[in-house]
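Structure data (compact mmCIF, C-alpha atoms (C1' of nucleotides)) from upload.txt:
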```txt
# COMPACT_ATOMS: atom_id res chain seq x y z
CA MET Z 1 0.00 0.00 0.00
CA SER Z 2 2.70 2.47 -1.00
CA ALA Z 3 3.86 2.60 2.63
CA ALA Z 4 0.68 4.45 3.54
CA GLU Z 5 -0.24 4.81 7.13
CA LEU Z 6 -3.66 3.24 6.67
CA SER Z 7 -4.92 0.17 4.86
CA THR Z 8 -7.25 0.46 1.89
CA SER Z 9 -10.06 -0.55 4.13
CA MET Z 10 -9.36 2.09 6.75
CA GLU Z 11 -8.96 4.72 4.06
CA ASP Z 12 -12.43 3.80 2.85
CA TYR Z 13 -13.87 4.32 6.29
CA LEU Z 14 -12.11 7.65 6.65
CA GLU Z 15 -13.27 8.84 3.26
CA ALA Z 16 -16.84 7.76 3.98
CA ILE Z 17 -16.82 9.78 7.18
CA TYR Z 18 -15.49 12.77 5.31
CA ILE Z 19 -18.14 12.56 2.62
CA LEU Z 20 -20.99 11.96 5.03
CA GLN Z 21 -19.95 14.91 7.14
CA ASN Z 22 -19.89 17.14 4.09
CA GLU Z 23 -23.36 15.97 3.15
CA ASN Z 24 -25.08 15.62 6.51
CA LYS Z 25 -22.94 17.31 9.06
CA SER Z 26 -22.77 13.96 10.84
CA ALA Z 27 -21.60 10.44 10.14
CA ARG Z 28 -23.47 7.71 11.93
CA SER Z 29 -22.34 4.09 12.16
CA THR Z 30 -25.37 3.01 10.20
CA ASP Z 31 -24.67 5.43 7.37
CA ILE Z 32 -21.05 4.42 7.12
CA ALA Z 33 -22.02 0.77 7.12
CA GLU Z 34 -24.51 1.36 4.36
CA LYS Z 35 -22.16 3.43 2.24
CA LEU Z 36 -19.40 0.84 2.44
CA ASN Z 37 -21.59 -2.24 2.37
CA VAL Z 38 -20.31 -3.63 5.63
CA LYS Z 39 -21.96 -4.45 8.93
CA LYS Z 40 -22.17 -2.00 11.78
CA SER Z 41 -19.94 -4.12 13.94
CA SER Z 42 -17.22 -3.73 11.35
CA VAL Z 43 -17.69 0.01 11.47
CA THR Z 44 -17.26 0.07 15.23
CA ASN Z 45 -14.02 -1.83 14.85
CA ALA Z 46 -12.77 0.60 12.26
CA LEU Z 47 -13.74 3.60 14.38
CA GLN Z 48 -11.78 2.20 17.30
CA LEU Z 49 -8.72 1.75 15.16
CA LEU Z 50 -8.97 5.13 13.47
CA SER Z 51 -9.39 6.70 16.87
CA GLU Z 52 -6.35 4.92 18.31
CA LYS Z 53 -4.31 6.18 15.40
CA GLY Z 54 -5.51 9.73 15.88
CA PHE Z 55 -7.58 10.19 12.73
CA ILE Z 56 -10.92 10.67 14.42
CA ASN Z 57 -12.36 11.74 17.75
CA TYR Z 58 -14.46 8.90 18.96
CA ASP Z 59 -16.28 8.07 22.17
CA LYS Z 60 -18.67 5.19 22.43
CA TYR Z 61 -22.21 6.00 21.45
CA SER Z 62 -21.39 9.56 20.58
CA GLU Z 63 -20.59 11.72 17.59
CA VAL Z 64 -17.57 10.98 15.41
CA THR Z 65 -15.49 13.85 14.05
CA LEU Z 66 -12.31 14.01 12.04
CA THR Z 67 -9.15 15.29 13.70
CA ASP Z 68 -6.96 17.71 11.76
CA LYS Z 69 -4.79 14.80 10.77
CA GLY Z 70 -7.86 12.80 9.77
CA LEU Z 71 -9.30 15.64 7.74
CA LYS Z 72 -6.09 16.14 5.86
CA TYR Z 73 -5.76 12.44 5.13
CA ALA Z 74 -9.40 12.11 4.09
CA PHE Z 75 -9.22 15.14 1.86
CA ASP Z 76 -6.15 13.80 0.08
CA ILE Z 77 -7.95 10.57 -0.69
CA TYR Z 78 -11.07 12.38 -1.75
CA LYS Z 79 -9.09 14.58 -4.09
CA LYS Z 80 -7.41 11.55 -5.63
CA HIS Z 81 -10.80 9.99 -6.08
CA LYS Z 82 -12.28 13.00 -7.83
CA THR Z 83 -9.31 13.63 -10.07
CA ILE Z 84 -8.83 10.04 -11.17
CA LYS Z 85 -12.51 9.74 -11.91
CA ARG Z 86 -12.43 12.92 -13.93
CA PHE Z 87 -9.49 11.71 -15.96
CA PHE Z 88 -11.20 8.45 -16.74
CA ALA Z 89 -14.60 9.92 -17.51
CA ASN Z 90 -13.64 13.16 -19.27
CA ILE Z 91 -10.44 12.29 -21.04
CA LEU Z 92 -10.54 8.54 -21.56
CA ASP Z 93 -14.27 8.69 -22.13
CA VAL Z 94 -15.03 5.87 -19.74
CA ASP Z 95 -18.58 5.34 -18.50
CA GLU Z 96 -19.32 7.41 -15.37
CA VAL Z 97 -20.14 4.48 -13.12
CA VAL Z 98 -17.11 2.49 -14.19
CA ALA Z 99 -14.90 5.54 -13.79
CA GLU Z 100 -16.24 6.07 -10.29
CA ASP Z 101 -15.68 2.46 -9.41
CA ASN Z 102 -12.13 2.29 -10.65
CA ALA Z 103 -11.20 5.60 -9.05
CA CYS Z 104 -12.47 4.15 -5.78
CA ARG Z 105 -9.89 1.44 -5.95
CA ILE Z 106 -6.96 3.25 -7.52
CA GLU Z 107 -7.11 6.13 -5.04
CA HIS Z 108 -5.73 3.75 -2.42
CA VAL Z 109 -2.74 2.53 -4.34
CA ILE Z 110 -1.46 5.51 -6.31
CA ASP Z 111 1.52 7.39 -4.89
CA LYS Z 112 1.52 11.12 -4.41
CA GLU Z 113 4.19 11.59 -7.05
CA VAL Z 114 2.17 9.82 -9.72
CA PHE Z 115 -1.06 11.41 -8.66
CA ASP Z 116 0.38 14.91 -8.76
CA LYS Z 117 1.61 14.34 -12.28
CA LEU Z 118 -1.74 12.96 -13.34
CA ALA Z 119 -3.58 15.92 -11.82
CA CYS Z 120 -1.24 18.27 -13.63
CA PHE Z 121 -1.74 16.39 -16.89
CA LEU Z 122 -5.49 16.59 -16.54
CA GLU Z 123 -5.45 20.32 -15.88
CA PHE Z 124 -3.11 20.84 -18.76
CA ILE Z 125 -5.36 19.04 -21.20
CA ILE Z 126 -8.51 20.72 -19.93
CA SER Z 127 -6.98 24.16 -20.22
CA SER Z 128 -5.58 23.40 -23.68
CA ASP Z 129 -7.25 23.53 -27.01
CA ILE Z 130 -8.63 20.01 -27.08
CA THR Z 131 -7.75 19.63 -30.75
CA SER Z 132 -4.11 20.41 -30.12
CA VAL Z 133 -2.55 19.34 -26.84
CA ASN Z 134 1.20 19.79 -26.61
CA ILE Z 135 2.62 16.93 -24.56
CA GLU Z 136 6.15 18.30 -24.74
CA LYS Z 137 4.96 21.50 -23.17
CA PHE Z 138 3.11 19.58 -20.48
CA LYS Z 139 6.24 17.74 -19.47
CA LYS Z 140 8.15 20.97 -19.08
CA GLU Z 141 5.42 22.78 -17.19
CA CYS Z 142 4.66 19.89 -14.92
CA ASN Z 143 8.24 19.57 -13.81
CA LYS Z 144 8.62 23.18 -12.76
CA ASN Z 145 7.92 22.57 -9.09
CA MET J 1 -11.30 -6.30 -6.78
CA SER J 2 -13.55 -5.59 -9.74
CA ALA J 3 -15.13 -9.02 -9.32
CA ALA J 4 -11.92 -10.64 -10.53
CA GLU J 5 -11.48 -14.32 -10.11
CA LEU J 6 -8.24 -13.98 -8.19
CA SER J 7 -7.11 -11.77 -5.33
CA THR J 8 -4.34 -9.23 -5.77
CA SER J 9 -2.03 -11.58 -4.01
CA MET J 10 -2.81 -14.56 -6.23
CA GLU J 11 -2.48 -12.39 -9.31
CA ASP J 12 1.00 -11.49 -8.13
CA TYR J 13 1.96 -15.13 -7.86
CA LEU J 14 0.57 -15.88 -11.28
CA GLU J 15 2.36 -12.96 -12.86
CA ALA J 16 5.62 -13.92 -11.19
CA ILE J 17 5.35 -17.43 -12.58
CA TYR J 18 4.67 -16.01 -16.02
CA ILE J 19 7.66 -13.70 -15.90
CA LEU J 20 10.02 -16.30 -14.50
CA GLN J 21 9.02 -18.77 -17.16
CA ASN J 22 9.69 -16.25 -19.88
CA GLU J 23 13.09 -15.56 -18.39
CA ASN J 24 14.22 -18.98 -17.23
CA LYS J 25 11.91 -21.49 -18.76
CA SER J 26 11.09 -22.56 -15.19
CA ALA J 27 9.66 -21.04 -12.05
CA ARG J 28 10.91 -22.49 -8.81
CA SER J 29 9.37 -21.86 -5.41
CA THR J 30 12.52 -20.13 -4.27
CA ASP J 31 12.52 -17.77 -7.24
CA ILE J 32 8.87 -16.87 -6.80
CA ALA J 33 9.42 -16.27 -3.10
CA GLU J 34 12.36 -14.03 -3.82
CA LYS J 35 10.60 -12.07 -6.54
CA LEU J 36 7.56 -11.42 -4.38
CA ASN J 37 9.36 -11.00 -1.09
CA VAL J 38 7.48 -13.74 0.67
CA LYS J 39 8.55 -16.99 2.28
CA LYS J 40 8.56 -20.29 0.47
CA SER J 41 5.79 -21.65 2.65
CA SER J 42 3.56 -18.89 1.37
CA VAL J 43 4.42 -19.80 -2.18
CA THR J 44 3.44 -23.42 -1.63
CA ASN J 45 0.08 -22.26 -0.33
CA ALA J 46 -0.45 -20.07 -3.32
CA LEU J 47 0.52 -22.82 -5.74
CA GLN J 48 -2.01 -25.14 -4.15
CA LEU J 49 -4.74 -22.59 -4.52
CA LEU J 50 -3.84 -21.63 -8.08
CA SER J 51 -3.77 -25.29 -8.95
CA GLU J 52 -7.17 -25.95 -7.38
CA LYS J 53 -8.57 -23.12 -9.44
CA GLY J 54 -7.06 -24.42 -12.63
CA PHE J 55 -4.50 -21.72 -13.35
CA ILE J 56 -1.42 -23.89 -13.04
CA ASN J 57 -0.39 -27.51 -13.30
CA TYR J 58 1.15 -28.40 -10.01
CA ASP J 59 2.39 -31.59 -8.38
CA LYS J 60 4.33 -31.56 -5.17
CA TYR J 61 8.07 -31.21 -5.62
CA SER J 62 7.80 -30.98 -9.36
CA GLU J 63 7.70 -28.42 -12.13
CA VAL J 64 5.01 -25.75 -12.21
CA THR J 65 3.50 -24.71 -15.52
CA LEU J 66 0.68 -22.40 -16.49
CA THR J 67 -2.51 -23.86 -17.90
CA ASP J 68 -4.08 -22.15 -20.92
CA LYS J 69 -6.40 -20.33 -18.58
CA GLY J 70 -3.48 -19.36 -16.35
CA LEU J 71 -1.43 -18.13 -19.27
CA LYS J 72 -4.23 -15.98 -20.55
CA TYR J 73 -4.88 -14.50 -17.11
CA ALA J 74 -1.19 -13.91 -16.45
CA PHE J 75 -0.66 -12.29 -19.80
CA ASP J 76 -3.55 -9.90 -19.26
CA ILE J 77 -2.06 -8.77 -15.97
CA TYR J 78 1.38 -8.48 -17.47
CA LYS J 79 0.06 -6.37 -20.31
CA LYS J 80 -1.70 -4.08 -17.88
CA HIS J 81 1.51 -3.77 -15.94
CA LYS J 82 3.57 -2.85 -18.95
CA THR J 83 1.09 -0.40 -20.37
CA ILE J 84 0.35 1.41 -17.15
CA LYS J 85 4.03 1.73 -16.43
CA ARG J 86 4.65 3.11 -19.89
CA PHE J 87 1.91 5.69 -19.50
CA PHE J 88 3.32 6.85 -16.19
CA ALA J 89 6.94 6.90 -17.27
CA ASN J 90 6.67 8.10 -20.87
CA ILE J 91 3.69 10.39 -20.80
CA LEU J 92 3.40 11.61 -17.24
CA ASP J 93 7.17 11.66 -16.91
CA VAL J 94 7.20 9.79 -13.63
CA ASP J 95 10.42 8.25 -12.37
CA GLU J 96 10.93 4.70 -13.72
CA VAL J 97 11.05 2.99 -10.37
CA VAL J 98 7.99 4.77 -9.07
CA ALA J 99 6.14 4.07 -12.31
CA GLU J 100 7.00 0.40 -12.01
CA ASP J 101 5.88 0.32 -8.42
CA ASN J 102 2.56 1.99 -9.02
CA ALA J 103 1.82 -0.08 -12.11
CA CYS J 104 2.39 -3.16 -9.94
CA ARG J 105 -0.46 -2.13 -7.71
CA ILE J 106 -2.87 -0.59 -10.19
CA GLU J 107 -2.74 -3.58 -12.54
CA HIS J 108 -4.78 -5.50 -9.98
CA VAL J 109 -7.58 -3.03 -9.56
CA ILE J 110 -8.17 -1.51 -12.99
CA ASP J 111 -11.07 -2.88 -15.04
CA LYS J 112 -10.70 -4.07 -18.59
CA GLU J 113 -12.85 -1.26 -19.89
CA VAL J 114 -10.67 1.43 -18.34
CA PHE J 115 -7.48 -0.31 -19.22
CA ASP J 116 -8.44 -0.70 -22.86
CA LYS J 117 -9.19 2.99 -23.10
CA LEU J 118 -5.92 3.86 -21.44
CA ALA J 119 -3.97 1.59 -23.78
CA CYS J 120 -5.69 3.19 -26.73
CA PHE J 121 -4.96 6.66 -25.39
CA LEU J 122 -1.31 5.81 -24.95
CA GLU J 123 -0.98 4.46 -28.47
CA PHE J 124 -2.78 7.46 -29.82
CA ILE J 125 -0.42 9.90 -28.15
CA ILE J 126 2.69 7.95 -29.08
CA SER J 127 1.65 7.78 -32.71
CA SER J 128 0.72 11.46 -32.77
CA ASP J 129 2.86 14.48 -33.23
CA ILE J 130 3.81 15.04 -29.61
CA THR J 131 3.45 18.78 -30.00
CA SER J 132 -0.12 18.50 -31.19
CA VAL J 133 -2.29 15.72 -29.83
CA ASN J 134 -5.93 15.86 -30.79
CA ILE J 135 -8.00 14.59 -27.87
CA GLU J 136 -11.27 14.93 -29.76
CA LYS J 137 -9.92 12.67 -32.43
CA PHE J 138 -8.74 10.18 -29.83
CA LYS J 139 -12.20 9.93 -28.34
CA LYS J 140 -13.73 9.19 -31.70
CA GLU J 141 -11.10 6.65 -32.74
CA CYS J 142 -11.06 4.88 -29.45
CA ASN J 143 -14.79 4.31 -29.49
CA LYS J 144 -14.87 2.70 -32.88
CA ASN J 145 -14.84 -0.88 -31.63
C1' DA S 1 -41.35 8.88 32.89
C1' DA S 2 -41.83 4.19 30.83
C1' DT S 3 -40.90 1.52 27.30
C1' DA S 4 -40.36 0.01 22.57
C1' DA S 5 -37.59 0.73 18.55
C1' DA S 6 -33.31 2.05 16.62
C1' DA S 7 -28.51 2.37 16.88
C1' DA S 8 -24.17 1.02 18.55
C1' DT S 9 -21.23 -2.08 20.76
C1' DT S 10 -19.20 -6.44 22.41
C1' DA S 11 -17.88 -11.08 21.99
C1' DT S 12 -16.92 -14.77 19.17
C1' DA S 13 -15.90 -16.87 14.66
C1' DT S 14 -14.26 -17.10 9.85
C1' DT S 15 -11.23 -16.31 5.98
C1' DA S 16 -7.08 -14.83 3.47
C1' DA S 17 -2.39 -14.03 3.64
C1' DC S 18 1.44 -14.47 5.68
C1' DC S 19 5.49 -16.35 8.78
C1' DG S 20 8.75 -19.68 11.36
C1' DA S 21 10.14 -24.16 12.59
C1' DA S 22 10.23 -28.80 11.63
C1' DT S 23 10.06 -32.22 8.19
C1' DT S 24 10.37 -34.43 3.77
C1' DT S 25 12.02 -34.78 -0.86
C1' DT S 26 15.30 -33.96 -4.41
C1' DG S 27 19.60 -33.77 -6.47
C1' DT S 28 24.78 -33.28 -6.35
C1' DG S 29 29.61 -34.28 -5.47
C1' DT S 30 32.88 -37.56 -4.54
C1' DA Y 1 25.73 -45.20 -4.23
C1' DC Y 2 25.42 -42.41 -0.35
C1' DA Y 3 25.67 -38.47 2.50
C1' DC Y 4 24.48 -33.98 2.77
C1' DA Y 5 22.98 -29.53 1.05
C1' DA Y 6 19.32 -27.27 -1.21
C1' DA Y 7 14.61 -26.94 -2.13
C1' DA Y 8 9.89 -27.69 -1.09
C1' DT Y 9 6.28 -28.80 1.98
C1' DT Y 10 3.58 -29.27 6.26
C1' DC Y 11 1.96 -27.64 10.52
C1' DG Y 12 0.77 -24.39 13.84
C1' DG Y 13 0.24 -19.61 14.81
C1' DT Y 14 -0.59 -14.38 13.87
C1' DT Y 15 -2.95 -10.42 11.98
C1' DA Y 16 -6.44 -7.76 9.45
C1' DA Y 17 -10.93 -7.50 7.85
C1' DT Y 18 -14.93 -9.06 7.96
C1' DA Y 19 -19.47 -11.40 9.81
C1' DT Y 20 -23.27 -13.06 13.18
C1' DA Y 21 -25.55 -13.04 17.42
C1' DA Y 22 -26.25 -11.15 21.75
C1' DT Y 23 -26.18 -7.16 24.55
C1' DT Y 24 -26.18 -2.36 25.83
C1' DT Y 25 -27.22 2.41 25.10
C1' DT Y 26 -29.80 6.05 23.11
C1' DT Y 27 -33.90 8.08 21.21
C1' DA Y 28 -38.45 8.94 20.46
C1' DT Y 29 -43.46 8.26 21.47
C1' DT Y 30 -47.19 8.30 24.21
```
Exercise: express the given structure as structure tokens:
Amino acid sequence: MSAAELSTSMEDYLEAIYILQNENKSARSTDIAEKLNVKKSSVTNALQLLSEKGFINYDKYSEVTLTDKGLKYAFDIYKKHKTIKRFFANILDVDEVVAEDNACRIEHVIDKEVFDKLACFLEFIISSDITSVNIEKFKKECNKN
Amino acid sequence: MSAAELSTSMEDYLEAIYILQNENKSARSTDIAEKLNVKKSSVTNALQLLSEKGFINYDKYSEVTLTDKGLKYAFDIYKKHKTIKRFFANILDVDEVVAEDNACRIEHVIDKEVFDKLACFLEFIISSDITSVNIEKFKKECNKN
DNA sequence: AATAAAAATTATATTAACCGAATTTTGTGT
DNA sequence: ACACAAAATTCGGTTAATATAATTTTTATT
């Protein structure tokens, strides 16, 4: 898992919490379980682990919130998700649902270095004339930082 | 895992066997273990499972070979690996080692539909004038089949 | 305020993937 | 041909991620 701090599975839980909070202002066990297609007992387990590792604030039977560390981590995954999906759907012309699905899995295994390049590539294409994208130019611009 | 027949881990074993056979004309337990950074006991386990599922011909203490089904499966993974790596390294300009590493993980989670589009995209760019790639044209060409 | 329903948790079990140690089989050198 | 080294396997155990069933806590209704 690219030496990430969390497993794919735990990243999914964290991301689900992030998304639910942005939608509802609260992430309940039941909602997380439903979103991830797991049982509530599995969610409780995950919450305990994420709490131990400092990604969420968690007390039994009460509200879950992301810590600063958790928010940052969740946002990074979320951003990967969105960008990868956009690349697949808008550039490669992959079906929306399939793009979503694949992004969901790839977000957990792509390194920052590759992701950053991909994000840059996507922006470059989108901001170019779509009938004449200059890959040479992309390579130069992308390596500025 | 995109409803694949094999887990990431088993796909790794299968791919390792494929690569070793192409290099050496034989894949020994020790070689597989070394390539995948696992212990030989884990390899034996994997071989038993892959054999049960009909991907390899396996008898204790003797030569392992891929079945037709195994060869096809292994080749598909290998092709994904090569193509994804090439996209990362040649187009996104990612470091070779990192590209290799990421391809190794993504090959297990990318669907055929997405992969085919990516492969097509890569070929399209490579065969284009690199200073003027027409994304519109790519989308049309790629969706011919 | 009592209690039923909903939600969350605990406790226990299963499965996949791995490891280490002990054992068995194979094959090599003299 | 035989002893021993190398290779492969078996067996028992660990960990992570899940599930089911039973229990506890919270919440909402009357």
Check: which chain Z residues lie within 9 Å of chain J using only C-alpha atoms, as a PyMOL selection string: chain Z and resi 1-2+88+91-95+98-99+101-103+105-106+109-111+113-114+117-118+120-121+125+129-139+142-143
Sorted per-residue table, chain Z near chain S, closest atoms and distance, 10 Å, all atoms listed in the file, as JSON lines:
```
{"residue": "Z:Arg28", "atom": "CA", "partner": "S:DA7", "partner_atom": "C1'", "distance": 8.9}
{"residue": "Z:Ser29", "atom": "CA", "partner": "S:DA8", "partner_atom": "C1'", "distance": 7.3}
{"residue": "Z:Thr30", "atom": "CA", "partner": "S:DA7", "partner_atom": "C1'", "distance": 7.4}
{"residue": "Z:Lys40", "atom": "CA", "partner": "S:DA8", "partner_atom": "C1'", "distance": 7.7}
{"residue": "Z:Ser41", "atom": "CA", "partner": "S:DT9", "partner_atom": "C1'", "distance": 7.2}
{"residue": "Z:Val43", "atom": "CA", "partner": "S:DA8", "partner_atom": "C1'", "distance": 9.7}
{"residue": "Z:Thr44", "atom": "CA", "partner": "S:DT9", "partner_atom": "C1'", "distance": 7.1}
{"residue": "Z:Asn45", "atom": "CA", "partner": "S:DT9", "partner_atom": "C1'", "distance": 9.3}
{"residue": "Z:Lys60", "atom": "CA", "partner": "S:DT9", "partner_atom": "C1'", "distance": 7.9}
{"residue": "Z:Tyr61", "atom": "CA", "partner": "S:DA8", "partner_atom": "C1'", "distance": 6.1}
{"residue": "Z:Ser62", "atom": "CA", "partner": "S:DA8", "partner_atom": "C1'", "distance": 9.2}
```
Could those selected residues go to a file with C-alpha atoms, as a compact mmCIF listing (two decimals), keeping the file's coordinate frame?
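Output file part_12.txt is given in full below:
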```txt
# COMPACT_ATOMS: atom_id res chain seq x y z
CA ARG Z 28 -23.47 7.71 11.93
CA SER Z 29 -22.34 4.09 12.16
CA THR Z 30 -25.37 3.01 10.20
CA LYS Z 40 -22.17 -2.00 11.78
CA SER Z 41 -19.94 -4.12 13.94
CA VAL Z 43 -17.69 0.01 11.47
CA THR Z 44 -17.26 0.07 15.23
CA ASN Z 45 -14.02 -1.83 14.85
CA LYS Z 60 -18.67 5.19 22.43
CA TYR Z 61 -22.21 6.00 21.45
CA SER Z 62 -21.39 9.56 20.58
```
Select residues of chain Y: the criterion is any atom within 8 Å of an atom of chain Z, counting only C-alpha atoms (C1' of nucleotides); output as an NGL selection string. :Y and (17-19 or 25-26)
Matching every Cα in sequence order between the two identical chains, what are the coordinates of chain Z once fitted onto chain J? Write them as a tab-separated table (two decimals) with C-alpha atoms, in the frame of the given file.
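Written output follows (superposed.tsv):
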```tsv
chain	number	residue	atom	x	y	z
Z	1	MET	CA	-11.22	-6.40	-6.75
Z	2	SER	CA	-13.41	-5.55	-9.72
Z	3	ALA	CA	-15.09	-8.96	-9.39
Z	4	ALA	CA	-11.89	-10.61	-10.57
Z	5	GLU	CA	-11.49	-14.29	-10.16
Z	6	LEU	CA	-8.25	-13.98	-8.21
Z	7	SER	CA	-7.11	-11.79	-5.35
Z	8	THR	CA	-4.34	-9.25	-5.81
Z	9	SER	CA	-2.04	-11.59	-4.03
Z	10	MET	CA	-2.81	-14.56	-6.25
Z	11	GLU	CA	-2.48	-12.40	-9.33
Z	12	ASP	CA	1.00	-11.49	-8.14
Z	13	TYR	CA	1.95	-15.12	-7.84
Z	14	LEU	CA	0.57	-15.88	-11.28
Z	15	GLU	CA	2.37	-12.96	-12.85
Z	16	ALA	CA	5.63	-13.91	-11.15
Z	17	ILE	CA	5.37	-17.41	-12.57
Z	18	TYR	CA	4.71	-15.99	-16.00
Z	19	ILE	CA	7.69	-13.67	-15.87
Z	20	LEU	CA	10.05	-16.26	-14.46
Z	21	GLN	CA	9.06	-18.75	-17.12
Z	22	ASN	CA	9.74	-16.20	-19.82
Z	23	GLU	CA	13.14	-15.50	-18.34
Z	24	ASN	CA	14.28	-18.93	-17.17
Z	25	LYS	CA	11.99	-21.46	-18.69
Z	26	SER	CA	11.15	-22.53	-15.14
Z	27	ALA	CA	9.69	-21.02	-12.00
Z	28	ARG	CA	10.92	-22.48	-8.76
Z	29	SER	CA	9.34	-21.87	-5.36
Z	30	THR	CA	12.48	-20.14	-4.20
Z	31	ASP	CA	12.52	-17.76	-7.15
Z	32	ILE	CA	8.88	-16.86	-6.74
Z	33	ALA	CA	9.39	-16.28	-3.04
Z	34	GLU	CA	12.33	-14.03	-3.73
Z	35	LYS	CA	10.59	-12.06	-6.46
Z	36	LEU	CA	7.54	-11.41	-4.30
Z	37	ASN	CA	9.33	-11.03	-1.00
Z	38	VAL	CA	7.41	-13.77	0.73
Z	39	LYS	CA	8.43	-17.04	2.34
Z	40	LYS	CA	8.50	-20.31	0.48
Z	41	SER	CA	5.73	-21.72	2.59
Z	42	SER	CA	3.50	-18.92	1.37
Z	43	VAL	CA	4.39	-19.82	-2.19
Z	44	THR	CA	3.40	-23.43	-1.66
Z	45	ASN	CA	0.06	-22.29	-0.35
Z	46	ALA	CA	-0.48	-20.07	-3.34
Z	47	LEU	CA	0.51	-22.83	-5.76
Z	48	GLN	CA	-2.03	-25.16	-4.18
Z	49	LEU	CA	-4.76	-22.60	-4.56
Z	50	LEU	CA	-3.85	-21.63	-8.10
Z	51	SER	CA	-3.77	-25.30	-8.98
Z	52	GLU	CA	-7.18	-25.97	-7.45
Z	53	LYS	CA	-8.59	-23.12	-9.48
Z	54	GLY	CA	-7.06	-24.42	-12.67
Z	55	PHE	CA	-4.49	-21.71	-13.36
Z	56	ILE	CA	-1.42	-23.87	-13.05
Z	57	ASN	CA	-0.38	-27.50	-13.31
Z	58	TYR	CA	1.15	-28.40	-10.02
Z	59	ASP	CA	2.35	-31.60	-8.40
Z	60	LYS	CA	4.31	-31.60	-5.20
Z	61	TYR	CA	8.03	-31.26	-5.64
Z	62	SER	CA	7.78	-30.99	-9.37
Z	63	GLU	CA	7.71	-28.39	-12.11
Z	64	VAL	CA	4.99	-25.74	-12.21
Z	65	THR	CA	3.51	-24.70	-15.54
Z	66	LEU	CA	0.71	-22.37	-16.51
Z	67	THR	CA	-2.49	-23.83	-17.93
Z	68	ASP	CA	-4.05	-22.13	-20.95
Z	69	LYS	CA	-6.38	-20.33	-18.60
Z	70	GLY	CA	-3.45	-19.36	-16.38
Z	71	LEU	CA	-1.39	-18.11	-19.28
Z	72	LYS	CA	-4.19	-15.97	-20.56
Z	73	TYR	CA	-4.85	-14.51	-17.13
Z	74	ALA	CA	-1.16	-13.90	-16.46
Z	75	PHE	CA	-0.63	-12.29	-19.82
Z	76	ASP	CA	-3.53	-9.91	-19.27
Z	77	ILE	CA	-2.04	-8.77	-16.00
Z	78	TYR	CA	1.40	-8.48	-17.49
Z	79	LYS	CA	0.08	-6.37	-20.32
Z	80	LYS	CA	-1.70	-4.08	-17.88
Z	81	HIS	CA	1.51	-3.77	-15.95
Z	82	LYS	CA	3.59	-2.84	-18.96
Z	83	THR	CA	1.09	-0.40	-20.40
Z	84	ILE	CA	0.36	1.42	-17.16
Z	85	LYS	CA	4.04	1.73	-16.46
Z	86	ARG	CA	4.65	3.10	-19.92
Z	87	PHE	CA	1.93	5.68	-19.52
Z	88	PHE	CA	3.34	6.84	-16.23
Z	89	ALA	CA	6.97	6.88	-17.30
Z	90	ASN	CA	6.68	8.09	-20.90
Z	91	ILE	CA	3.71	10.39	-20.82
Z	92	LEU	CA	3.44	11.60	-17.25
Z	93	ASP	CA	7.20	11.65	-16.94
Z	94	VAL	CA	7.24	9.77	-13.67
Z	95	ASP	CA	10.47	8.21	-12.42
Z	96	GLU	CA	10.97	4.67	-13.79
Z	97	VAL	CA	11.08	2.94	-10.43
Z	98	VAL	CA	8.03	4.75	-9.12
Z	99	ALA	CA	6.17	4.06	-12.34
Z	100	GLU	CA	7.01	0.38	-12.06
Z	101	ASP	CA	5.90	0.29	-8.47
Z	102	ASN	CA	2.58	1.98	-9.04
Z	103	ALA	CA	1.82	-0.09	-12.13
Z	104	CYS	CA	2.40	-3.16	-9.96
Z	105	ARG	CA	-0.43	-2.15	-7.73
Z	106	ILE	CA	-2.85	-0.59	-10.19
Z	107	GLU	CA	-2.74	-3.58	-12.55
Z	108	HIS	CA	-4.77	-5.49	-9.98
Z	109	VAL	CA	-7.56	-3.01	-9.56
Z	110	ILE	CA	-8.16	-1.50	-12.99
Z	111	ASP	CA	-11.07	-2.86	-15.01
Z	112	LYS	CA	-10.70	-4.04	-18.56
Z	113	GLU	CA	-12.86	-1.23	-19.87
Z	114	VAL	CA	-10.68	1.45	-18.31
Z	115	PHE	CA	-7.48	-0.29	-19.20
Z	116	ASP	CA	-8.46	-0.68	-22.84
Z	117	LYS	CA	-9.20	3.01	-23.07
Z	118	LEU	CA	-5.92	3.88	-21.42
Z	119	ALA	CA	-3.99	1.60	-23.77
Z	120	CYS	CA	-5.72	3.20	-26.71
Z	121	PHE	CA	-4.96	6.67	-25.37
Z	122	LEU	CA	-1.31	5.82	-24.96
Z	123	GLU	CA	-1.01	4.46	-28.48
Z	124	PHE	CA	-2.80	7.47	-29.83
Z	125	ILE	CA	-0.44	9.90	-28.17
Z	126	ILE	CA	2.66	7.94	-29.13
Z	127	SER	CA	1.62	7.76	-32.75
Z	128	SER	CA	0.68	11.45	-32.81
Z	129	ASP	CA	2.84	14.45	-33.27
Z	130	ILE	CA	3.78	15.02	-29.65
Z	131	THR	CA	3.43	18.77	-30.04
Z	132	SER	CA	-0.14	18.48	-31.23
Z	133	VAL	CA	-2.30	15.69	-29.85
Z	134	ASN	CA	-5.96	15.86	-30.79
Z	135	ILE	CA	-8.01	14.59	-27.86
Z	136	GLU	CA	-11.28	14.95	-29.74
Z	137	LYS	CA	-9.96	12.66	-32.42
Z	138	PHE	CA	-8.79	10.17	-29.81
Z	139	LYS	CA	-12.24	9.94	-28.30
Z	140	LYS	CA	-13.78	9.19	-31.66
Z	141	GLU	CA	-11.17	6.65	-32.70
Z	142	CYS	CA	-11.12	4.90	-29.38
Z	143	ASN	CA	-14.84	4.34	-29.40
Z	144	LYS	CA	-14.94	2.67	-32.79
Z	145	ASN	CA	-14.88	-0.87	-31.46
```
